[in-house]
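Chemist: Hey, dropping query-v3.tsv in here, TSV, C-alpha atoms:
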chain	number	residue	atom	x	y	z
A	1	MET	CA	-3.81	-7.26	-17.97
A	2	ASN	CA	-4.52	-5.56	-21.29
A	3	PRO	CA	-3.56	-1.87	-20.95
A	4	ASP	CA	-5.14	-0.89	-24.29
A	5	ARG	CA	-8.63	-1.63	-22.96
A	6	TYR	CA	-8.13	1.01	-20.29
A	7	GLN	CA	-6.27	3.58	-22.35
A	8	HIS	CA	-9.18	6.02	-22.16
A	9	LEU	CA	-8.97	6.11	-18.35
A	10	SER	CA	-6.83	8.85	-16.82
A	11	ASP	CA	-4.25	8.20	-14.13
A	12	THR	CA	-6.57	9.82	-11.60
A	13	THR	CA	-9.45	7.51	-12.54
A	14	LEU	CA	-7.26	4.42	-12.24
A	15	LEU	CA	-6.09	5.61	-8.82
A	16	GLU	CA	-9.66	6.34	-7.72
A	17	ASN	CA	-10.71	2.86	-8.83
A	18	PHE	CA	-7.88	1.40	-6.81
A	19	TYR	CA	-8.78	3.39	-3.70
A	20	ALA	CA	-12.40	2.29	-4.10
A	21	ASP	CA	-11.85	-1.49	-4.26
A	22	LYS	CA	-8.14	-1.90	-3.32
A	23	ASP	CA	-7.65	-4.16	-6.32
A	24	ASN	CA	-3.99	-4.15	-7.41
A	25	HIS	CA	-5.13	-4.71	-10.97
A	26	TRP	CA	-5.65	-0.93	-11.28
A	27	LEU	CA	-2.16	-0.24	-9.96
A	28	GLY	CA	-0.73	-2.68	-12.48
A	29	LEU	CA	-2.34	-0.74	-15.31
A	30	LEU	CA	-1.16	2.56	-13.92
A	31	LEU	CA	2.42	1.50	-13.29
A	32	GLN	CA	2.74	-0.08	-16.73
A	33	ARG	CA	2.11	3.32	-18.28
A	34	TYR	CA	5.36	4.56	-16.79
A	35	THR	CA	7.65	1.54	-17.20
A	36	MET	CA	9.61	3.00	-20.09
A	37	LEU	CA	9.99	6.45	-18.54
A	38	LEU	CA	11.03	4.99	-15.20
A	39	PHE	CA	13.52	2.72	-16.91
A	40	GLY	CA	14.93	5.83	-18.59
A	41	VAL	CA	15.18	7.71	-15.29
A	42	CYS	CA	16.96	4.76	-13.64
A	43	MET	CA	19.30	4.48	-16.63
A	44	LYS	CA	20.17	8.15	-16.33
A	45	TYR	CA	21.32	7.77	-12.74
A	46	LEU	CA	22.63	4.21	-12.62
A	47	LYS	CA	24.09	3.97	-16.15
A	48	ASN	CA	23.62	0.22	-16.18
A	49	GLU	CA	20.81	-1.62	-17.93
A	50	ASP	CA	20.51	-4.52	-15.45
A	51	ASP	CA	20.62	-2.19	-12.45
A	52	ALA	CA	18.02	0.05	-14.06
A	53	LYS	CA	15.70	-2.89	-14.78
A	54	ASP	CA	16.09	-4.17	-11.24
A	55	SER	CA	15.45	-0.70	-9.84
A	56	VAL	CA	12.21	-0.22	-11.77
A	57	GLN	CA	10.96	-3.53	-10.35
A	58	GLN	CA	11.83	-2.37	-6.85
A	59	VAL	CA	10.20	1.02	-7.43
A	60	PHE	CA	7.02	-0.80	-8.50
A	61	LEU	CA	6.99	-2.89	-5.34
A	62	LYS	CA	7.58	0.19	-3.21
A	63	ALA	CA	4.82	2.08	-5.02
A	64	ILE	CA	2.33	-0.78	-4.51
A	65	ALA	CA	3.13	-0.93	-0.80
A	66	GLU	CA	2.95	2.85	-0.30
A	67	LEU	CA	-0.22	3.38	-2.29
A	68	HIS	CA	-1.96	0.92	0.03
A	69	LYS	CA	-0.92	3.10	2.97
A	70	TYR	CA	-1.69	6.61	1.81
A	71	LYS	CA	-3.42	8.61	-0.86
A	72	VAL	CA	-1.42	10.11	-3.71
A	73	GLU	CA	-2.90	12.90	-5.77
A	74	TYR	CA	-0.37	13.59	-8.53
A	75	PHE	CA	0.78	10.13	-9.45
A	76	LYS	CA	3.20	11.11	-12.24
A	77	SER	CA	5.22	13.51	-10.07
A	78	TRP	CA	5.08	11.11	-7.15
A	79	ILE	CA	6.34	8.03	-9.01
A	80	TYR	CA	9.14	10.13	-10.53
A	81	MET	CA	10.19	11.20	-7.06
A	82	VAL	CA	10.08	7.60	-5.77
A	83	ALA	CA	12.26	6.41	-8.66
A	84	LYS	CA	14.73	9.29	-8.37
A	85	ASN	CA	15.10	8.78	-4.62
A	86	HIS	CA	15.56	5.06	-5.10
A	87	CYS	CA	18.38	5.67	-7.60
A	88	LEU	CA	20.06	8.25	-5.36
A	89	MET	CA	19.95	5.82	-2.43
A	90	ARG	CA	21.39	3.09	-4.62
A	91	LEU	CA	24.19	5.40	-5.72
A	92	ARG	CA	24.86	6.26	-2.11
A	93	ASP	CA	25.18	2.55	-1.29
A	94	ARG	CA	27.47	2.11	-4.28
A	95	HIS	CA	29.77	5.04	-3.53
A	96	GLY	CA	29.25	5.57	0.17
A	97	LYS	CA	28.20	9.16	-0.45
A	98	THR	CA	25.04	10.91	0.68
A	99	PRO	CA	23.35	12.55	-2.26
A	100	ALA	CA	20.56	15.02	-1.64
A	101	VAL	CA	17.38	12.97	-1.47
A	102	LEU	CA	14.15	14.67	-2.40
A	103	ASN	CA	11.91	15.29	0.53
A	104	GLU	CA	8.30	14.26	0.12
A	105	GLU	CA	7.16	17.23	2.16
A	106	THR	CA	9.08	19.78	0.16
A	107	MET	CA	8.33	18.16	-3.17
A	108	VAL	CA	5.47	19.93	-4.85
A	109	PHE	CA	2.97	17.34	-6.10
A	110	LYS	CA	1.42	19.36	-8.81
A	111	GLU	CA	2.02	19.88	-12.45
A	112	GLU	CA	4.38	22.71	-13.09
A	113	GLY	CA	2.94	25.90	-14.43
A	114	LEU	CA	3.09	29.58	-13.83
A	115	SER	CA	0.82	30.27	-10.88
A	116	VAL	CA	0.43	33.94	-11.70
A	117	GLN	CA	-0.77	33.15	-15.18
A	118	ALA	CA	-4.13	31.94	-13.93
A	119	HIS	CA	-4.79	35.14	-12.06
A	120	ILE	CA	-3.50	37.85	-14.31
A	121	ASP	CA	-4.87	38.66	-17.70
A	122	LYS	CA	-2.98	37.47	-20.74
A	123	ASP	CA	-1.97	40.89	-22.02
A	124	ARG	CA	-0.10	41.75	-18.87
A	125	VAL	CA	1.73	38.42	-18.97
A	126	LEU	CA	2.51	38.93	-22.64
A	127	ASP	CA	3.99	42.38	-21.90
A	128	ALA	CA	6.05	40.89	-19.10
A	129	VAL	CA	7.36	38.05	-21.27
A	130	THR	CA	8.36	40.51	-24.00
A	131	LEU	CA	10.37	42.51	-21.44
A	132	ALA	CA	11.75	39.43	-19.71
A	133	ILE	CA	13.05	37.80	-22.86
A	134	GLU	CA	15.39	40.77	-23.31
A	135	GLU	CA	16.93	40.05	-19.92
A	136	LEU	CA	18.07	36.54	-20.91
A	137	SER	CA	21.64	35.90	-21.99
A	138	THR	CA	22.20	36.04	-25.75
A	139	ALA	CA	22.48	32.25	-26.08
A	140	GLN	CA	19.36	31.59	-23.98
A	141	LYS	CA	17.38	34.24	-25.83
A	142	GLN	CA	18.41	32.84	-29.19
A	143	CYS	CA	17.54	29.23	-28.28
A	144	VAL	CA	14.25	30.09	-26.53
A	145	THR	CA	13.13	32.21	-29.48
A	146	LEU	CA	14.02	29.58	-32.06
A	147	PHE	CA	12.37	26.82	-30.02
A	148	TYR	CA	9.15	28.44	-28.83
A	149	LEU	CA	8.48	31.08	-31.45
A	150	GLU	CA	9.93	29.55	-34.58
A	151	LYS	CA	9.13	26.00	-33.45
A	152	LYS	CA	12.51	24.60	-34.44
A	153	SER	CA	13.67	21.23	-33.11
A	154	TYR	CA	16.82	20.80	-31.00
A	155	THR	CA	18.73	19.50	-34.02
A	156	GLN	CA	17.69	22.44	-36.19
A	157	ILE	CA	18.67	24.91	-33.47
A	158	ALA	CA	22.04	23.20	-33.08
A	159	ASP	CA	22.55	23.49	-36.85
A	160	VAL	CA	21.57	27.17	-36.94
A	161	THR	CA	23.49	28.31	-33.87
A	162	GLY	CA	26.47	25.99	-33.88
A	163	PHE	CA	25.79	24.96	-30.26
A	164	THR	CA	25.92	21.28	-29.27
A	165	MET	CA	22.64	19.45	-28.58
A	166	MET	CA	23.42	19.44	-24.86
A	167	GLN	CA	23.97	23.20	-24.91
A	168	VAL	CA	20.73	23.76	-26.80
A	169	LYS	CA	18.74	21.69	-24.27
A	170	SER	CA	20.37	23.46	-21.39
A	171	TYR	CA	19.85	26.98	-22.85
A	172	ILE	CA	16.16	26.24	-23.47
A	173	GLN	CA	15.51	24.76	-20.04
A	174	ASN	CA	17.47	27.37	-18.13
A	175	GLY	CA	16.10	30.12	-20.35
A	176	LYS	CA	12.54	29.04	-19.63
A	177	ARG	CA	13.22	28.88	-15.89
A	178	ASN	CA	14.89	32.29	-15.85
A	179	LEU	CA	12.11	33.75	-17.93
A	180	LYS	CA	9.48	32.59	-15.43
A	181	ILE	CA	11.43	34.16	-12.59
A	182	VAL	CA	11.78	37.49	-14.40
A	183	VAL	CA	8.10	37.48	-15.47
A	184	GLU	CA	6.98	36.90	-11.89
A	185	ARG	CA	9.27	39.68	-10.70
A	186	ILE	CA	7.94	42.12	-13.31
A	187	ILE	CA	4.31	41.28	-12.54
A	188	LYS	CA	4.85	41.61	-8.79
A	189	SER	CA	6.59	44.96	-9.24
A	190	HIS	CA	3.52	46.26	-11.12
A	191	GLU	CA	1.05	45.16	-8.45
B	192	MET	CA	2.69	41.07	-30.06
B	193	ASN	CA	3.46	37.39	-30.64
B	194	LYS	CA	0.92	35.26	-28.79
B	195	ASP	CA	3.34	32.32	-29.01
B	196	LEU	CA	5.32	34.05	-26.27
B	197	LEU	CA	2.75	32.65	-23.84
B	198	ASN	CA	3.75	29.12	-24.90
B	199	ILE	CA	7.01	29.64	-23.09
B	200	LEU	CA	5.18	29.91	-19.79
B	201	SER	CA	2.58	27.24	-20.40
B	202	THR	CA	3.01	23.60	-19.53
B	203	SER	CA	2.17	20.98	-22.09
B	204	SER	CA	-0.44	18.54	-20.80
B	205	LYS	CA	-0.14	16.05	-23.64
B	206	ASP	CA	1.40	12.70	-22.87
B	207	ILE	CA	3.86	11.04	-25.16
B	208	ASP	CA	3.22	7.38	-25.87
B	209	ASN	CA	6.01	4.84	-25.81
B	210	GLN	CA	6.10	4.40	-29.57
B	211	GLN	CA	6.43	8.12	-30.14
B	212	LEU	CA	9.26	8.21	-27.65
B	213	MET	CA	11.03	5.31	-29.37
B	214	ASP	CA	10.60	7.02	-32.73
B	215	TYR	CA	12.00	10.22	-31.27
B	216	LEU	CA	15.04	8.38	-29.94
B	217	ALA	CA	15.52	6.74	-33.33
B	218	GLY	CA	15.25	10.15	-35.03
B	219	LYS	CA	12.29	8.91	-37.08
B	220	LEU	CA	9.77	11.63	-36.18
B	221	PRO	CA	8.82	14.40	-38.60
B	222	GLU	CA	10.00	17.85	-37.53
B	223	ASP	CA	6.69	19.07	-36.07
B	224	GLU	CA	6.28	15.94	-33.91
B	225	GLN	CA	9.93	16.14	-32.89
B	226	HIS	CA	9.28	19.68	-31.75
B	227	GLN	CA	6.22	18.57	-29.76
B	228	VAL	CA	8.25	15.92	-27.92
B	229	GLU	CA	10.95	18.47	-27.19
B	230	MET	CA	8.34	20.89	-25.81
B	231	GLN	CA	7.50	18.17	-23.29
B	232	LEU	CA	11.17	17.65	-22.48
B	233	ALA	CA	11.56	21.34	-21.76
B	234	ASP	CA	8.47	21.23	-19.50
B	235	SER	CA	9.03	18.10	-17.47
B	236	ASP	CA	12.06	16.95	-15.49
B	237	PHE	CA	10.61	13.45	-15.51
B	238	MET	CA	10.55	13.34	-19.32
B	239	LYS	CA	13.93	15.01	-19.59
B	240	ASP	CA	15.62	12.51	-17.25
B	241	ALA	CA	13.88	9.59	-18.94
B	242	VAL	CA	15.01	10.58	-22.42
B	243	GLU	CA	18.55	11.25	-21.22
B	244	GLY	CA	18.62	7.80	-19.67
B	245	LEU	CA	17.09	6.03	-22.67
B	246	GLU	CA	19.68	7.69	-24.89
B	247	ASN	CA	22.30	5.83	-22.80
B	248	VAL	CA	20.89	2.41	-23.71
B	249	HIS	CA	23.45	0.81	-25.99
B	250	ASP	CA	21.02	-0.86	-28.39
B	251	LYS	CA	17.71	1.03	-28.55
B	252	LYS	CA	15.91	-2.13	-29.69
B	253	ASP	CA	16.54	-3.58	-26.22
B	254	ILE	CA	14.33	-0.93	-24.61
B	255	HIS	CA	11.11	-2.67	-25.71
B	256	PHE	CA	12.46	-5.99	-24.52
B	257	TYR	CA	13.34	-4.55	-21.08
B	258	VAL	CA	9.96	-2.86	-20.74
B	259	GLU	CA	8.14	-6.09	-21.59
B	260	GLN	CA	10.27	-8.02	-19.14
B	261	ILE	CA	9.58	-5.54	-16.31
B	262	ASN	CA	5.85	-5.54	-17.09
B	263	ARG	CA	5.76	-9.35	-17.15
B	264	ASP	CA	7.46	-9.42	-13.78
B	265	LEU	CA	5.03	-6.84	-12.40
B	266	HIS	CA	2.09	-8.89	-13.66
B	267	LYS	CA	3.52	-12.05	-12.05
B	268	LYS	CA	4.04	-10.32	-8.70
B	269	LEU	CA	0.53	-8.87	-8.72
B	270	GLN	CA	-0.89	-12.33	-9.49
B	271	GLN	CA	1.07	-13.83	-6.61
B	272	LYS	CA	-0.21	-11.16	-4.24
B	273	LYS	CA	-3.77	-11.77	-5.42
B	274	GLN	CA	-3.48	-15.52	-4.90
B	275	LYS	CA	-2.01	-15.02	-1.45
B	276	ARG	CA	-4.90	-12.72	-0.54
B	277	GLN	CA	-7.43	-15.23	-1.85
B	278	ARG	CA	-5.78	-18.05	0.12
B	279	ARG	CA	-5.88	-15.92	3.27
B	280	LYS	CA	-9.55	-15.20	2.65
B	281	LEU	CA	-10.26	-18.91	2.17
B	282	VAL	CA	-8.57	-19.79	5.48
B	283	GLN	CA	-10.63	-17.11	7.22
B	284	GLN	CA	-13.79	-18.50	5.62
B	285	ARG	CA	-12.91	-22.02	6.79
B	286	TRP	CA	-12.82	-20.80	10.39
B	287	VAL	CA	-16.21	-19.12	9.95
B	288	TYR	CA	-17.73	-22.37	8.61
B	289	ALA	CA	-16.14	-24.39	11.41
B	290	ALA	CA	-17.56	-21.96	14.01
B	291	ILE	CA	-21.07	-22.21	12.48
B	292	ILE	CA	-20.94	-26.03	12.50
B	293	LEU	CA	-19.74	-26.05	16.11
B	294	ILE	CA	-22.51	-23.70	17.22
B	295	LEU	CA	-25.13	-25.79	15.41
B	296	ALA	CA	-23.76	-28.96	16.99
B	297	LEU	CA	-23.95	-27.37	20.45
B	298	ILE	CA	-27.54	-26.24	19.86
B	299	ILE	CA	-28.55	-29.76	18.73
B	300	ALA	CA	-26.77	-31.34	21.71
B	301	ALA	CA	-28.48	-28.92	24.13
B	302	TRP	CA	-31.86	-29.62	22.53
B	303	LEU	CA	-31.33	-33.40	22.80
B	304	MET	CA	-30.38	-33.06	26.46
B	305	ILE	CA	-33.46	-30.97	27.20
B	306	VAL	CA	-35.69	-33.54	25.46
B	307	LYS	CA	-34.03	-36.38	27.37
B	308	TYR	CA	-34.32	-34.52	30.69
B	309	GLN	CA	-38.01	-33.81	30.09
B	310	GLY	CA	-38.61	-37.50	29.14
B	311	LEU	CA	-37.01	-38.60	32.41
B	312	LYS	CA	-39.10	-36.11	34.38
B	313	HIS	CA	-42.38	-37.40	32.81
B	314	GLY	CA	-41.31	-41.03	33.46
B	315	ARG	CA	-40.89	-40.31	37.18
B	316	VAL	CA	-44.35	-38.68	37.39
Could you rewrite the structure in this file as structure tokens?
Modeler:
Amino acid sequence: MNPDRYQHLSDTTLLENFYADKDNHWLGLLLQRYTMLLFGVCMKYLKNEDDAKDSVQQVFLKAIAELHKYKVEYFKSWIYMVAKNHCLMRLRDRHGKTPAVLNEETMVFKEEGLSVQAHIDKDRVLDAVTLAIEELSTAQKQCVTLFYLEKKSYTQIADVTGFTMMQVKSYIQNGKRNLKIVVERIIKSHE
Amino acid sequence: MNKDLLNILSTSSKDIDNQQLMDYLAGKLPEDEQHQVEMQLADSDFMKDAVEGLENVHDKKDIHFYVEQINRDLHKKLQQKKQKRQRRKLVQQRWVYAAIILILALIIAAWLMIVKYQGLKHGRV
């Protein structure tokens, strides 16, 4: 199984090849692409290297079994959900608690993006973003501006602002999410 | 108006390769590449969780070792499944061959009986 030979093939092509001949070889290539990321996700939740390694192996087996049963369109989002659910279940077994498990039906299997952006011309979106950015909290506005407009890295932003790295990450992610909400609200109010 | 404002709403479609991720974790990337990786982190929960988890690995050099180990195991399991499937196929084929031989044997036996019966009939006449 030499993944480099198939590097030019997209995830979708590998999946299509698998659905065409049901050869697990394609799944092997596809899953290998995500080993490191999945190991990272499992480490985040389980905080133990052996548990994380074991969990990735189990996630792979589950993925192989499930992909034989039904068709998956957005593999990356799907495998992330499988891994996250597996870790949450494992944590539940460990602590006897019931964490919120992602529901396959409610999980949106598509790459994130602003849906309105495709339909509305760029100038209107640009106007809305300019207005929306003013509605963010000072910290979020500062981090979002430095990150997206001045293209500074997390470390540089932390140096400039005096925030911790964790705060910078959180301000950027929450700022982006809030900004999308405000932009959508502004655009809808103008329709 | 700053066109870069639209970058905030867009979603990066580039994928980060493992080496780039390892270099990011080791703080070895130049600033522009570091920023690119962080753009992905801001866009994707999957990437964000993965990096947070990988940052928890005590010795970052172990990450490659773990990944290789998991991939080796995956390869072994897929090979085992393949062999099992081939064995199952072979058993099914054996039954098909056995059925063909049996049918042929029955046809030959029937033909021999017909020939013998006709021989007896001619002998009586």
Chemist: Tell me which of A:Thr35, A:Asn178, A:Ser55, A:Thr164 sits closest to chain B, counting all atoms listed in the file.
Modeler: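 When distances to chain B are compared using all atoms listed in the file, the smallest one comes from A:Thr35.
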Chemist: Just the residues within 8 Å of Leu136 of chain A, please, counting all atoms listed in the file, with nothing from its chain fewer than 4 positions along; format it as an MDAnalysis selection string.
Modeler: chainID A and resid 132 140:141 175 178:179
Chemist: Please report as JSON lines every residue of chain A lying within 6 Å of chain B, along with the nearest atom pair and their distance in Å (one decimal), using all atoms listed in the file.
Modeler:
{"residue": "A:Met36", "atom": "CA", "partner": "B:Val258", "partner_atom": "CA", "distance": 5.9}
{"residue": "A:Leu37", "atom": "CA", "partner": "B:Ala241", "partner_atom": "CA", "distance": 5.0}
{"residue": "A:Gly40", "atom": "CA", "partner": "B:Ala241", "partner_atom": "CA", "distance": 3.9}
{"residue": "A:Val41", "atom": "CA", "partner": "B:Ala241", "partner_atom": "CA", "distance": 4.3}
{"residue": "A:Met43", "atom": "CA", "partner": "B:Gly244", "partner_atom": "CA", "distance": 4.6}
{"residue": "A:Lys44", "atom": "CA", "partner": "B:Gly244", "partner_atom": "CA", "distance": 3.7}
{"residue": "A:Gly113", "atom": "CA", "partner": "B:Thr202", "partner_atom": "CA", "distance": 5.6}
{"residue": "A:Leu149", "atom": "CA", "partner": "B:Asp195", "partner_atom": "CA", "distance": 5.8}
{"residue": "A:Ser153", "atom": "CA", "partner": "B:His226", "partner_atom": "CA", "distance": 4.9}
{"residue": "A:Gln173", "atom": "CA", "partner": "B:Ala233", "partner_atom": "CA", "distance": 5.5}
Chemist: Excluding segment 57-62 of chain A and its own-chain neighbours fewer than 2 positions away, which residues fall within 7 Å of it when counting all atoms listed in the file? Please give them as a compact mmCIF listing (two decimals) with C-alpha atoms, in the frame of the given file.
Modeler:
# COMPACT_ATOMS: atom_id res chain seq x y z
CA LYS A 53 15.70 -2.89 -14.78
CA ASP A 54 16.09 -4.17 -11.24
CA SER A 55 15.45 -0.70 -9.84
CA ILE A 64 2.33 -0.78 -4.51
CA ALA A 65 3.13 -0.93 -0.80
CA GLU A 66 2.95 2.85 -0.30
CA VAL A 82 10.08 7.60 -5.77
CA ALA A 83 12.26 6.41 -8.66
CA ILE B 261 9.58 -5.54 -16.31
Chemist: Box time for segment 268-282 of chain B: axis-aligned, enclosing all its listed atoms, 8 Å extra on each side; report centre and edge lengths in Å to one decimal, as lines of an AutoDock Vina configuration file.
Modeler:
center_x = -3.1
center_y = -14.3
center_z = -2.0
size_x = 30.3
size_y = 26.9
size_z = 31.0
